[in-house]
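Step one of this worksheet: look at the structure below.
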Amino acid sequence: MVAIALLSKSDQEYLQKCATQLHFAYGIIIGQKAEPGKYVIVHLAKNGDEDVDLPMPTDDSGLGHGPHKVEQIDMQALTNQMISAFKMIPGSFDVLGIFVTSVNAEIISEHSAEFKSAKRLLFDVHNLLKQGSASITLKEEPNTEYLYLAYSSSTKTAVCKMYNYVSNGGTFSSMDYRFVEKPFEWFTFECNYEMDDVFPVVASAEKINIEMQFHNTIEWVRDYLQASEIFIQNETVEDSQLLETYVKRKRANAKSTACTDDCFKASIFLPIKCLISKCVNPIQVREFNGTIHFQGTITSRIWCNPKNTLADVKRFLREDIMRSLTARIQVYCDGLTDPNVSNESIFISEPPRRVYFSISSGNRPIQFSEYIFRGEAPTVAVAQAKQILDLDITVDSIVADWEGLAEDDAFNEETANSLDTSKQKVIKHSERVAASQELTRAMYMLGIAVALLVLVVSVVVQFILK
């Protein structure tokens, strides 16, 4: 069976537009592996280094000053785009691969130099992603399979291949593609993940690397989520059941009205016994040098294909929460002037909140997200959507109220309480030191008194004996 990539007619129009205006363009493919051998594409985004709104300056060949062929693609710029987009897409989608589009028909010739260059490009991009897998913005290991889509505007045809990475190179395998007019069907799942967790800071040195400590906490949260139980519509569900079967059963139930808009509520439950029995690496800390306290709510929205199983839905929810958490932490760490701090330092910060924007139309459009800080204008999300995803959105279209801001009074109270707690610890420590010093002096004086008493008794006894 040959794998197939399903794209919309609007994707074909986008490829045609990019090739016509830029002569050559490249970018990323975002979508979902809906079932074995079937990939559903939800968005194509050209690399932000090129701007279709500006007239292209040309050289003597009549082409723009940007890349003219695959071998001239900026590998670092492409990798950075993949990493940035990964943080903005829901947990049910992934960056599946790359596309190139050109006015030249040679771009789709499988025996041309373009395809050889594409193999080298994907090999190098994978290695860069693997080097960055230690970063808290990435999942544990990058994919080893990538879609490669080449489109020619002159012939209005495309070629799609699956690139399979191996350590000494990589190969292309056959793959089909299809541009379809009918919109894809998606079901939305929403969840709020409440966090109020304290994690130990384990470091022997006087200086603590904050980013490394955050990395440790992320691994613990990942273990927590893997051990969790997820309920759909407040009920347990069979993991192997297809989503389309589940939806039909819910709709057939006359008592259920929650499924009419194709949106379902999920809840995550994490009992202590669940942690003990399922956690692969339970936390066992004998000594620590501080704590990290996570408090707040992470919102999650994912979009699932009817052919997904309910096990897929749960996996997507967990992945979306982890992406959201790591994205916020990375933004915080990027703002640190020095990641190494004293183990006596106290940091209280309000991380950015998640805002959503639609990439499609309809009653339940697919939404991607971005993160903005308190006081930061939504225009930041508008700029990021254009730079990373090549989306033209407006400030009014951004959903910025699903995650609320912490109340100023509550935030100031938390800050004051933390500082008061720190001061109380210092005072109590000083009191303990003073008490210890007083006790030492008392014991010293008592020792002298006992010695004098023994001396006096000795003299008296000696005098009596004489």
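Residues in the structure tokens are numbered from 1 in each chain, the chains being A, B, ... in the order shown, and ligands are numbered from 1 in the order shown.
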Exercise. Residues at most 9 Å from region 403-405 of chain A, counting only C-alpha atoms, excluding those fewer than 2 positions away in the same chain, as a ChimeraX atom specification?
Worked result: /A:297-299,353-355,374,400-401,407-408
Problem set entry | In region 204-381 of chain A, DSSP strand (DSSP E) residues written as an NGL selection string | :A and (207-209 or 229-232 or 263-269 or 291-304 or 340-342 or 353-358 or 367-372)
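Proximity ranking of A:Asn216, A:Ala227, A:Glu244, A:Phe189 relative to Ala266 (chain A) places A:Phe189 first, based on only C-alpha atoms.
Distance annotation: of A:Asp396, A:Asp176, A:Glu110, A:Asp11, the residue with the minimal separation from Gly37 (chain A) is A:Asp176; atom set is only C-alpha atoms.
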Problem set entry | DSSP helix (DSSP H, G or I) residues within region 299-377 of chain A, as a PyMOL selection string | chain A and resi 310-334
Contact table region 389-409 of chain A vs region 63-86 of chain A, cut-off 12 Å, shortest pair per residue, only C-alpha atoms, as CSV:
residue,atom,partner,partner_atom,distance
A:Leu389,CA,A:Ala85,CA,7.0
A:Asp390,CA,A:Ala85,CA,10.7
A:Leu391,CA,A:Ala85,CA,11.9
Using N, CA and C atoms, can you write the selected residues to a file as a short mmCIF file (atom, residue, chain, number, x, y, z; two decimals), in the first residue's frame?
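Saved to out-v4.cif:
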data_model
loop_
_atom_site.label_atom_id
_atom_site.label_comp_id
_atom_site.auth_asym_id
_atom_site.auth_seq_id
_atom_site.Cartn_x
_atom_site.Cartn_y
_atom_site.Cartn_z
N LEU A 389 4.18 31.33 10.23
CA LEU A 389 3.15 30.53 9.58
C LEU A 389 2.60 31.15 8.30
N ASP A 390 3.09 32.34 7.95
CA ASP A 390 2.62 33.05 6.76
C ASP A 390 1.11 33.22 6.78
N LEU A 391 0.58 33.61 7.94
CA LEU A 391 -0.85 33.83 8.10
C LEU A 391 -1.11 35.32 8.28
#
For this session: For Thr245 (chain A), work out the shell of residues within 12 Å, counting only C-alpha atoms and skipping chain neighbours fewer than 4 positions away, then give it as a list of chain:residue names.
Result: A:Val237, A:Glu238, A:Asp239, A:Ser240, A:Gln241, A:Arg249, A:Lys250, A:Arg251, A:Ala252, A:Asn305, A:Pro306, A:Lys307, A:Asn308, A:Thr309, A:Leu310
Problem set entry | 9 Å contact set for Asn104 (chain A), only C-alpha atoms, chain neighbours under 3 positions out, as number ranges by chain | A: 19, 23-24, 101, 107-108, 152-155
Go ahead and write the residues just picked, C-alpha atoms, as a PDB file, in the first residue's frame.
ATOM      1  CA  ALA A  19       5.797  30.106  -7.233  1.00  0.00           C
ATOM      2  CA  HIS A  23       9.712  32.090  -8.778  1.00  0.00           C
ATOM      3  CA  PHE A  24      10.957  29.744  -6.055  1.00  0.00           C
ATOM      4  CA  THR A 101       7.442  25.316  -5.265  1.00  0.00           C
ATOM      5  CA  ILE A 107      11.615  20.798  -9.584  1.00  0.00           C
ATOM      6  CA  ILE A 108       9.302  17.779  -9.972  1.00  0.00           C
ATOM      7  CA  SER A 152       5.683  23.229 -10.413  1.00  0.00           C
ATOM      8  CA  SER A 153       3.456  26.179 -11.286  1.00  0.00           C
ATOM      9  CA  SER A 154       4.190  25.791 -15.000  1.00  0.00           C
ATOM     10  CA  THR A 155       2.717  22.286 -15.145  1.00  0.00           C
TER      11      THR A 155
END
For this session: Please identify all polymer residues within 9 Å of region 356-359 of chain A, counting only C-alpha atoms, omitting same-chain residues fewer than 2 positions from it, and present them as a ChimeraX atom specification.
Result: /A:42-43,354,361,365-371,381,385,391,393,397-400,402
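Distances from A:Ile346, A:Leu325, A:Met175, A:Val313 to His215 (chain A) were compared using only C-alpha atoms, and the smallest one belongs to A:Leu325.
Taking only C-alpha atoms into account, Ala327 (chain A) lies nearest to A:Ile372 out of the set A:Asn168, A:Val159, A:Ile372, A:Asn234.
You will find CA of Val341 (chain A) at 28.4 Å from CA of Lys130 (chain A).
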For this session: Write out as a PyMOL selection string which residues come within 9 Å of Ala5 (chain A) when counting only C-alpha atoms, dropping same-chain ones fewer than 5 positions away.
Result: chain A and resi 37-41+147+160+175-179
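Closest approach to Lys46 (chain A) from the set A:Ile388, A:Ile302, A:Ala383, A:Ile232 is made by A:Ile388, with distances taken over only C-alpha atoms.
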